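Chemist: File follows, input.cif with mmCIF, C-alpha atoms:
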data_start
#
loop_
_atom_site.label_atom_id
_atom_site.label_comp_id
_atom_site.auth_asym_id
_atom_site.auth_seq_id
_atom_site.Cartn_x
_atom_site.Cartn_y
_atom_site.Cartn_z
CA MET B 1 39.83 68.14 102.85
CA THR B 2 38.66 69.29 106.23
CA GLU B 3 35.04 70.33 105.80
CA SER B 4 33.01 69.32 108.77
CA LYS B 5 30.49 66.58 108.14
CA ARG B 6 27.00 66.36 109.51
CA ASN B 7 26.33 63.29 111.60
CA ALA B 8 24.51 60.70 109.52
CA GLY B 9 21.18 59.61 110.95
CA SER B 10 21.12 56.54 113.12
CA GLY B 11 18.48 54.80 111.00
CA GLY B 12 19.28 52.60 108.04
CA GLY B 13 22.67 50.98 108.51
CA GLY B 14 23.12 52.52 111.94
CA ILE B 15 26.31 54.22 110.75
CA ARG B 16 27.20 57.30 112.68
CA MET B 17 30.10 59.39 111.47
CA LEU B 18 32.06 61.20 114.10
CA ASN B 19 32.72 64.71 112.98
CA ILE B 20 36.43 64.78 112.20
CA LEU B 21 36.88 67.70 114.57
CA ASP B 22 35.59 65.55 117.43
CA ARG B 23 37.93 62.64 116.92
CA PRO B 24 40.67 62.32 119.53
CA LEU B 25 44.07 63.70 118.63
CA ALA B 26 45.97 62.08 121.45
CA THR B 27 48.66 59.65 120.44
CA LYS B 28 47.33 56.13 120.27
CA GLY B 29 49.52 53.35 121.57
CA ARG B 30 50.49 51.52 118.46
CA GLY B 31 54.07 51.29 119.63
CA VAL B 32 56.16 52.15 122.62
CA GLY B 33 56.73 55.77 121.70
CA GLY B 34 53.14 56.47 120.77
CA SER B 35 51.87 55.51 117.34
CA GLU B 36 54.57 54.05 115.17
CA VAL B 37 54.97 52.24 111.89
CA SER B 38 58.04 50.53 110.53
CA LEU B 39 60.72 52.64 108.89
CA SER B 40 60.52 50.28 105.91
CA ALA B 41 56.91 51.20 105.26
CA PHE B 42 57.83 54.88 105.17
CA SER B 43 60.87 54.22 103.00
CA PHE B 44 58.84 52.24 100.46
CA LEU B 45 56.18 54.94 100.36
CA PHE B 46 58.75 57.72 100.07
CA SER B 47 60.58 55.88 97.30
CA GLU B 48 57.35 55.60 95.30
CA MET B 49 56.76 59.28 95.84
CA VAL B 50 60.23 60.21 94.58
CA GLN B 51 59.86 57.92 91.57
CA TYR B 52 56.49 59.46 90.78
CA TYR B 53 57.95 62.96 90.80
CA GLN B 54 61.02 61.85 88.91
CA ASN B 55 58.85 60.94 85.94
CA ARG B 56 57.35 64.39 85.89
CA VAL B 57 60.33 66.70 86.17
CA LEU B 58 63.26 67.57 83.98
CA SER B 59 66.00 68.41 86.46
CA ILE B 60 67.27 67.70 89.94
CA ALA B 61 66.32 71.17 91.09
CA ASP B 62 62.73 70.61 89.96
CA LEU B 63 62.58 67.30 91.77
CA GLU B 64 63.80 68.91 94.97
CA ARG B 65 61.24 71.70 94.54
CA LYS B 66 58.45 69.15 94.16
CA LEU B 67 59.56 67.34 97.29
CA GLU B 68 59.75 70.62 99.18
CA GLU B 69 56.22 71.50 98.07
CA ALA B 70 55.00 68.14 99.27
CA GLY B 71 56.60 68.72 102.65
CA TYR B 72 55.21 72.22 102.99
CA GLY B 73 51.64 71.15 103.70
CA VAL B 74 52.92 68.52 106.10
CA GLY B 75 54.84 71.20 107.96
CA HIS B 76 51.75 73.33 108.49
CA ARG B 77 49.86 70.37 109.89
CA VAL B 78 52.73 69.33 112.11
CA LEU B 79 52.85 72.83 113.58
CA GLU B 80 49.13 72.69 114.37
CA LEU B 81 49.45 69.25 115.95
CA LEU B 82 52.39 70.21 118.12
CA ALA B 83 50.84 73.50 119.15
CA PHE B 84 47.83 71.53 120.33
CA ARG B 85 49.81 68.87 122.17
CA GLU B 86 52.52 70.91 123.87
CA LYS B 87 50.92 71.89 127.15
CA GLN B 88 53.02 74.97 127.74
CA TYR B 89 53.10 76.11 124.16
CA ARG B 90 53.54 79.81 123.80
CA ARG B 91 53.94 81.38 120.43
CA GLU B 92 57.56 82.01 119.71
CA ILE B 93 58.28 85.66 119.14
CA LYS B 94 62.02 85.37 118.94
CA LEU B 95 63.81 84.00 115.93
CA ILE B 96 66.14 81.85 117.96
CA GLY B 97 63.16 80.55 119.90
CA VAL B 98 61.37 79.30 116.82
CA LEU B 99 64.57 77.72 115.51
CA GLN B 100 65.05 75.89 118.77
CA PHE B 101 61.44 74.79 118.59
CA VAL B 102 62.09 73.32 115.16
CA SER B 103 65.38 71.66 115.97
CA SER B 104 64.21 70.12 119.23
CA THR B 105 60.43 69.84 119.57
CA VAL B 106 59.55 69.29 115.93
CA TRP B 107 62.49 66.97 115.43
CA LYS B 108 61.61 64.98 118.51
CA ALA B 109 58.01 64.62 117.42
CA LEU B 110 58.86 63.55 113.90
CA PHE B 111 62.12 61.64 114.25
CA ASN B 112 62.28 60.78 117.95
CA LYS B 113 65.56 62.62 118.42
CA VAL B 114 66.73 66.21 118.46
CA ALA B 115 68.56 67.64 115.50
CA ASP B 116 72.31 67.13 115.54
CA SER B 117 73.06 70.82 115.66
CA LEU B 118 71.72 74.27 114.96
CA GLU B 119 74.10 76.93 113.71
CA ARG B 120 74.04 80.46 112.53
CA SER B 121 75.78 81.28 109.31
CA THR B 122 78.81 83.53 109.66
CA GLU B 123 78.51 85.04 106.22
CA ASN B 124 74.85 86.01 106.09
CA GLU B 125 72.68 87.34 108.84
CA ASP B 126 69.54 85.78 107.53
CA GLU B 127 70.84 82.22 107.23
CA TYR B 128 70.79 79.44 109.77
CA MET B 129 71.66 75.78 109.43
CA ILE B 130 70.36 72.61 110.99
CA HIS B 131 72.63 69.61 110.70
CA GLU B 132 71.35 66.06 110.51
CA ARG B 133 73.55 63.10 109.88
CA GLU B 134 71.04 60.61 108.56
CA PRO B 135 67.60 62.02 107.75
CA ILE B 136 65.07 59.22 107.51
CA THR B 137 64.31 60.12 103.94
CA ASN B 138 67.88 59.31 102.94
CA VAL B 139 68.50 56.10 104.87
CA PHE B 140 67.83 53.79 101.94
CA VAL B 141 68.62 56.19 99.12
CA SER B 142 71.66 55.96 96.91
CA ALA B 143 71.76 58.34 93.99
CA PRO B 144 73.66 57.45 90.82
CA ALA B 145 76.71 59.56 90.02
CA ASP B 146 74.96 61.80 87.52
CA ILE B 147 72.36 62.98 89.99
CA SER B 148 74.45 62.73 93.12
CA GLN B 149 73.52 66.25 94.20
CA LEU B 150 69.94 65.18 94.72
CA ASN B 151 69.08 65.28 98.36
CA CYS B 152 65.74 63.68 99.14
CA ALA B 153 65.76 65.42 102.46
CA ALA B 154 64.30 68.27 100.40
CA TYR B 155 61.05 66.76 101.67
CA ILE B 156 62.10 67.50 105.25
CA ALA B 157 63.27 70.93 104.15
CA GLY B 158 59.72 71.48 102.95
CA ILE B 159 58.37 70.40 106.33
CA ILE B 160 60.65 72.87 108.12
CA SER B 161 59.61 75.59 105.72
CA GLY B 162 55.95 74.77 106.38
CA VAL B 163 56.47 74.98 110.13
CA LEU B 164 58.32 78.28 109.92
CA ASN B 165 55.87 79.84 107.50
CA GLY B 166 52.98 78.70 109.66
CA ALA B 167 54.62 80.27 112.68
CA SER B 168 54.89 83.56 110.82
CA TYR B 169 58.61 83.36 110.10
CA PRO B 170 58.61 83.08 106.34
CA ALA B 171 61.74 81.33 105.17
CA GLY B 172 63.08 79.31 102.30
CA VAL B 173 64.64 76.03 103.35
CA THR B 174 66.83 73.83 101.22
CA ALA B 175 68.69 70.61 101.88
CA HIS B 176 72.34 70.16 100.98
CA HIS B 177 74.90 67.42 101.18
CA VAL B 178 78.01 68.19 103.15
CA ALA B 179 81.01 65.88 103.10
CA ILE B 180 82.27 64.82 106.50
CA GLY B 181 85.43 63.17 105.36
CA ASP B 182 87.05 59.98 106.71
CA GLY B 183 84.89 57.85 104.50
CA GLN B 184 81.58 58.44 106.19
CA ARG B 185 78.40 59.13 104.31
CA GLU B 186 77.69 62.78 103.66
CA LYS B 187 75.52 64.48 106.19
CA THR B 188 72.65 66.78 105.38
CA VAL B 189 72.50 70.45 106.19
CA PHE B 190 69.21 72.30 106.04
CA LEU B 191 69.86 75.88 105.04
CA ILE B 192 67.20 78.23 106.35
CA LYS B 193 67.06 81.64 104.78
CA PHE B 194 64.65 84.02 106.42
CA ARG B 195 62.87 86.72 104.53
CA GLN B 196 64.05 90.28 105.07
CA ASP B 197 60.93 91.45 106.88
CA VAL B 198 61.49 88.74 109.51
CA LEU B 199 64.90 90.16 110.28
CA ARG B 200 63.57 93.68 110.40
CA ARG B 201 60.84 92.61 112.77
CA GLU B 202 63.39 90.82 114.93
CA ALA B 203 65.59 93.88 115.06
CA ALA B 204 62.62 96.09 115.93
CA LEU B 205 61.51 93.77 118.73
CA SER B 206 64.89 93.47 120.35
CA GLY B 207 66.04 97.03 119.70
CA MET M 1 37.45 28.28 112.46
CA SER M 2 40.89 27.43 111.17
CA SER M 3 43.29 25.78 113.55
CA SER M 4 44.01 28.07 116.45
CA SER M 5 47.55 26.81 116.92
CA SER M 6 48.63 28.04 113.49
CA ARG M 7 46.92 31.35 114.09
CA SER M 8 48.73 32.01 117.32
CA ALA M 9 52.05 30.94 115.80
CA ALA M 10 51.55 33.52 113.09
CA THR M 11 50.62 36.15 115.66
CA ARG M 12 53.75 35.41 117.65
CA ALA M 13 55.88 35.59 114.52
CA GLY M 14 54.23 38.88 113.68
CA ASP M 15 54.91 40.36 117.11
CA GLN M 16 58.51 39.23 117.04
CA ALA M 17 59.09 40.65 113.59
CA TRP M 18 57.49 43.93 114.65
CA THR M 19 59.81 44.34 117.61
CA LYS M 20 62.83 43.86 115.39
CA MET M 21 61.87 46.46 112.80
CA SER M 22 63.16 50.00 113.12
CA LYS M 23 60.25 52.30 113.70
CA MET M 24 59.27 55.79 112.78
CA ASN M 25 56.53 58.19 113.71
CA ALA M 26 53.17 57.07 112.33
CA GLU M 27 51.88 60.60 112.02
CA LEU M 28 54.68 61.62 109.68
CA PHE M 29 53.95 58.48 107.67
CA ASN M 30 50.29 59.36 107.58
CA LEU M 31 50.92 62.98 106.55
CA THR M 32 53.39 61.87 103.88
CA TYR M 33 50.78 59.57 102.39
CA GLY M 34 48.27 62.40 102.52
CA ALA M 35 50.67 64.72 100.70
CA MET M 36 51.13 62.09 98.02
CA VAL M 37 47.41 61.51 97.54
CA MET M 38 46.84 65.26 97.33
CA GLN M 39 49.51 65.55 94.66
CA LEU M 40 47.91 62.73 92.68
CA ILE M 41 44.54 64.39 92.88
CA ARG M 42 46.02 67.65 91.66
CA ASP M 43 47.75 65.90 88.77
CA TYR M 44 45.01 63.56 87.64
CA GLU M 45 41.80 65.29 88.72
CA ASP M 46 39.84 62.12 87.93
CA VAL M 47 39.18 60.04 91.00
CA GLN M 48 39.26 56.69 89.20
CA ALA M 49 42.63 57.54 87.67
CA VAL M 50 43.93 58.35 91.15
CA ASN M 51 42.62 55.02 92.46
CA GLN M 52 44.38 53.24 89.63
CA GLN M 53 47.62 55.11 90.18
CA LEU M 54 47.56 54.31 93.90
CA GLU M 55 47.07 50.65 93.13
CA THR M 56 49.92 50.70 90.63
CA MET M 57 52.26 52.34 93.12
CA GLY M 58 51.24 49.80 95.71
CA TYR M 59 51.93 46.98 93.27
CA SER M 60 55.46 48.25 92.75
CA ILE M 61 55.95 48.53 96.52
CA GLY M 62 54.56 45.05 97.13
CA GLN M 63 57.01 43.43 94.74
CA LYS M 64 59.93 44.78 96.76
CA LEU M 65 58.29 44.56 100.13
CA VAL M 66 57.83 40.82 99.92
CA ASP M 67 61.61 40.36 99.71
CA GLU M 68 62.10 42.26 102.92
CA PHE M 69 59.22 40.37 104.46
CA LEU M 70 60.72 36.99 103.66
CA ALA M 71 64.14 38.08 104.83
CA LYS M 72 63.07 39.56 108.14
CA SER M 73 60.03 37.65 109.25
CA GLY M 74 61.60 34.21 109.41
CA VAL M 75 58.41 32.44 108.40
CA GLY M 76 58.76 29.27 106.38
CA ASN M 77 56.92 28.32 103.22
CA CYS M 78 53.17 28.46 103.37
CA ALA M 79 51.53 25.17 102.50
CA ASN M 80 48.32 26.55 101.07
CA PHE M 81 46.35 29.70 100.41
CA ARG M 82 44.85 29.71 103.89
CA GLU M 83 48.28 29.90 105.46
CA VAL M 84 49.21 32.64 103.05
CA ALA M 85 46.21 34.62 104.22
CA GLU M 86 47.02 34.13 107.90
CA THR M 87 50.66 35.03 107.39
CA LEU M 88 49.78 38.09 105.37
CA ALA M 89 47.37 39.32 108.02
CA LYS M 90 49.21 38.42 111.19
CA VAL M 91 52.84 38.82 110.17
CA GLY M 92 52.88 41.06 107.13
CA PHE M 93 50.57 43.80 108.30
CA LYS M 94 51.88 43.64 111.85
CA MET M 95 55.48 43.89 110.82
CA PHE M 96 55.18 46.86 108.52
CA LEU M 97 52.26 48.84 109.84
CA GLY M 98 52.08 47.59 113.40
CA VAL M 99 48.38 46.84 113.12
CA VAL M 100 46.25 43.81 113.87
CA VAL M 101 44.36 42.39 110.92
CA GLU M 102 41.83 39.53 110.91
CA VAL M 103 41.14 37.05 108.14
CA THR M 104 37.43 36.41 107.69
CA ALA M 105 34.75 35.44 105.19
CA TRP M 106 36.39 32.57 103.34
CA ASN M 107 34.40 31.43 100.34
CA ALA M 108 33.43 27.80 99.84
CA GLU M 109 36.32 26.92 97.53
CA GLY M 110 38.87 28.58 99.77
CA THR M 111 39.99 30.96 97.07
CA ALA M 112 38.80 34.26 98.46
CA PHE M 113 38.95 35.89 101.87
CA SER M 114 38.48 39.22 103.53
CA LEU M 115 40.96 41.17 105.60
CA GLN M 116 39.44 43.20 108.39
CA VAL M 117 41.71 46.12 109.13
CA TYR M 118 40.52 47.79 112.31
CA ASP M 119 43.14 50.47 112.54
CA ASN M 120 44.39 52.02 109.33
CA PRO M 121 47.44 54.19 109.94
CA LEU M 122 47.10 55.75 106.50
CA ALA M 123 43.75 57.33 107.20
CA ASP M 124 44.15 58.79 110.66
CA PHE M 125 43.58 62.47 110.10
CA VAL M 126 41.60 62.14 106.92
CA GLU M 127 38.10 63.07 105.99
CA LEU M 128 36.65 62.54 102.52
CA PRO M 129 34.60 65.45 101.24
CA PRO M 130 31.53 64.49 99.18
CA GLN M 131 33.08 65.27 95.81
CA TYR M 132 35.75 62.63 96.46
CA SER M 133 33.41 59.90 97.57
CA GLY M 134 34.65 57.70 94.72
CA LEU M 135 38.22 57.90 95.96
CA VAL M 136 39.56 54.75 97.56
CA TYR M 137 42.00 56.58 99.78
CA SER M 138 43.97 53.57 100.97
CA ASN M 139 44.00 51.80 97.62
CA ILE M 140 47.75 51.56 97.85
CA LEU M 141 47.25 48.68 100.29
CA CYS M 142 45.40 46.68 97.66
CA GLY M 143 48.31 47.18 95.31
CA VAL M 144 50.84 46.13 97.93
CA ILE M 145 48.95 42.90 98.62
CA ARG M 146 48.61 42.15 94.92
CA GLY M 147 52.29 42.84 94.23
CA ALA M 148 53.56 40.85 97.17
CA LEU M 149 51.37 37.81 96.51
CA GLU M 150 52.20 37.81 92.83
CA MET M 151 55.88 37.45 93.70
CA ILE M 152 55.03 34.27 95.56
CA LYS M 153 53.05 32.90 92.67
CA TYR M 154 49.52 33.85 93.71
CA GLN M 155 47.78 36.12 91.26
CA VAL M 156 45.02 37.88 93.16
CA GLU M 157 42.63 40.75 92.85
CA CYS M 158 42.08 43.03 95.81
CA ARG M 159 39.54 45.69 96.46
CA PHE M 160 38.14 47.62 99.37
CA VAL M 161 34.62 46.52 100.23
CA LYS M 162 34.32 48.54 103.41
CA ASP M 163 36.09 51.81 104.04
CA GLY M 164 36.31 53.54 107.38
CA LEU M 165 36.47 56.90 105.64
CA LYS M 166 33.07 56.30 104.09
CA GLY M 167 31.30 55.56 107.32
CA ASP M 168 31.91 51.84 107.81
CA GLU M 169 33.04 50.52 111.16
CA VAL M 170 36.08 48.73 109.83
CA ASN M 171 38.10 48.63 106.67
CA GLU M 172 37.63 45.44 104.74
CA ILE M 173 39.74 44.31 101.80
CA ARG M 174 38.47 41.43 99.70
CA VAL M 175 41.27 39.28 98.27
CA GLU M 176 40.34 36.85 95.50
CA LEU M 177 42.67 34.29 93.98
CA ARG M 178 42.58 34.34 90.20
CA GLN M 179 45.25 31.81 89.36
CA MET M 180 48.59 30.47 90.35
CA VAL M 181 51.35 32.15 88.37
CA ASP M 182 53.30 29.69 86.31
CA GLU M 183 56.91 30.69 86.31
CA SER M 184 58.36 29.93 82.92
CA PHE M 185 61.80 30.97 81.80
CA GLY M 186 62.56 32.23 78.35
CA GLU M 187 63.74 29.91 75.63
CA GLU M 188 67.37 30.76 76.17
CA TYR M 189 67.25 29.11 79.55
CA ASN M 190 66.08 25.77 78.26
CA GLU M 191 68.61 23.08 78.95
CA GLY M 192 70.08 21.15 76.09
CA ALA M 193 71.00 22.59 72.75
#
Using the file provided, produce a representation of the structure as structure tokens.

Modeler:
Amino acid sequence: MTESKRNAGSGGGGIRMLNILDRPLATKGRGVGGSEVSLSAFSFLFSEMVQYYQNRVLSIADLERKLEEAGYGVGHRVLELLAFREKQYRREIKLIGVLQFVSSTVWKALFNKVADSLERSTENEDEYMIHEREPITNVFVSAPADISQLNCAAYIAGIISGVLNGASYPAGVTAHHVAIGDGQREKTVFLIKFRQDVLRREAALSG
Amino acid sequence: MSSSSSRSAATRAGDQAWTKMSKMNAELFNLTYGAMVMQLIRDYEDVQAVNQQLETMGYSIGQKLVDEFLAKSGVGNCANFREVAETLAKVGFKMFLGVVVEVTAWNAEGTAFSLQVYDNPLADFVELPPQYSGLVYSNILCGVIRGALEMIKYQVECRFVKDGLKGDEVNEIRVELRQMVDESFGEEYNEGA
């Protein structure tokens, strides 16, 4: 949906279309922190989205896949936006660098906070985890007992995957519930599994 | 011009409600909506079916949204359709989308008006290619208005008459009152045996 349009002539209705590539990308002041909308608007929209997918899939895993696919395109676009806006942006060539970019810069841009924590898995070399206590997709979600494993943050997992793939670090990202204990709501852990060639490249670069 | 005192009261209520709402990044909201529209286009392939589906989803949202609106905005009952229009534009849109909307073009009977939406957060990074010129990208808003108003007894029809994505200066939604919804309970609720 990004073909460039020719400017319409100034005769007739006097309508002149700005080529989409010429429109300003700077944040407009719709709220204090740049452009903002209410969390409720997003939650309503997201809930409709989940309900729409729910009618078209047969299992929880499929629903999470659909949400991840939806987030994937968003992730690519977010990467482009941030690369444009960050004044000192240099392409990350280290794995840990791109993960820090995701957990701080991307998180700050999307959710106005940094991710709760970034960890490396002890069992597998190619796995990393980002912890987030209350992803905005899950704030108003309560799943019934029979589909309690559903984590709508699969949408955010898709965004992360889109960012990483766009930055040339192909990875599969999934969202999981992790119990905290002492009665609190479960937190979400995004499990990032990098493809083998990424690890080989990383080893070759640092070796 | 309708009474300016009621308009500014609505604007103040809208601003107050907006400050109390928790916020999130508008670009993520915008991209999420884009992802959803793209998915609908992939699934339906027919532009009119997509428009209809967007309106239906908006209707479902509107029915729930009006509850939150009434709970959080603190506005009292609206006396007539004109007040409904002002409240919808100044408080409703402001509170949820953070945008300023004007009510214009009342018809003679006072049963239809236009909403001028200058800044549409749904359509920020969007361009419509020629093969989708029939797509009403922000049709979900029409559904939300219809759903919300129906819950407060006004049955309306909404449609976009001007769309910023198609070259117009502003977005304009025409809202037309069809009838007042008569709430009637089922027979089992009738009092008396």

Chemist: Would you kindly return, as a PyMOL selection string, each protein, DNA or RNA residue with an atom no farther than 10 Å from any atom of B:Glu48, considering all atoms listed in the file and excluding same-chain residues fewer than 4 positions away?

Modeler: (chain B and resi 42-44+52-54) or (chain M and resi 36+54+57-58+60-61)

Chemist: Taking the file as shown, what set of residues would the PyMOL selection byres ((chain M) within 10 of (chain B)) give back, as a PyMOL selection string?

Modeler: chain M and resi 18-40+53-54+57-58+60-62+64-65+68+94-100+119+121+124-130+132+140+164-169

Chemist: Would you translate the PyMOL selection byres ((chain M and resi 105) around 9) into the concrete set of residues it matches in this file, as a PyMOL selection string?

Modeler: chain M and resi 103-104+106-107+112-115+174

Chemist: Selection in question (the file shown): the PyMOL selection byres ((chain B and resi 185) around 12). Which residues does it include, as a PyMOL selection string?

Modeler: chain B and resi 132-135+138-139+141-142+177-184+186-188

Chemist: Would you compute the distance between atom CA of M:Gly92 and atom CA of M:Val136? Give it in Å to one decimal.

Modeler: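 Interatomic distance here is 21.4 Å.
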
Chemist: Might I get the box with edges along x, y and z of the file that holds all atoms of stretch 119-136 of chain M listed there, padded by 8 Å on every side, given as centre and edge lengths in Å to one decimal, as lines of an AutoDock Vina configuration file?

Modeler:
center_x = 39.5
center_y = 58.0
center_z = 103.6
size_x = 31.9
size_y = 31.0
size_z = 33.8

Chemist: One number please: atom CA of M:Met180 to atom CA of M:Lys153, in Å, one decimal.

Modeler: 5.6 Å

Chemist: Can you work out the spacing between atom CA of B:Asn124 and atom CA of B:Thr174 in Å, to one decimal?

Modeler: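 Distance reported for this atom pair: 15.4 Å.
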
Chemist: Which one of B:Ser59, B:Ile192, B:Val163, B:Asp22 sits closest to B:Ala83 if you count all atoms listed in the file?

Modeler: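 Closest candidate: B:Val163.
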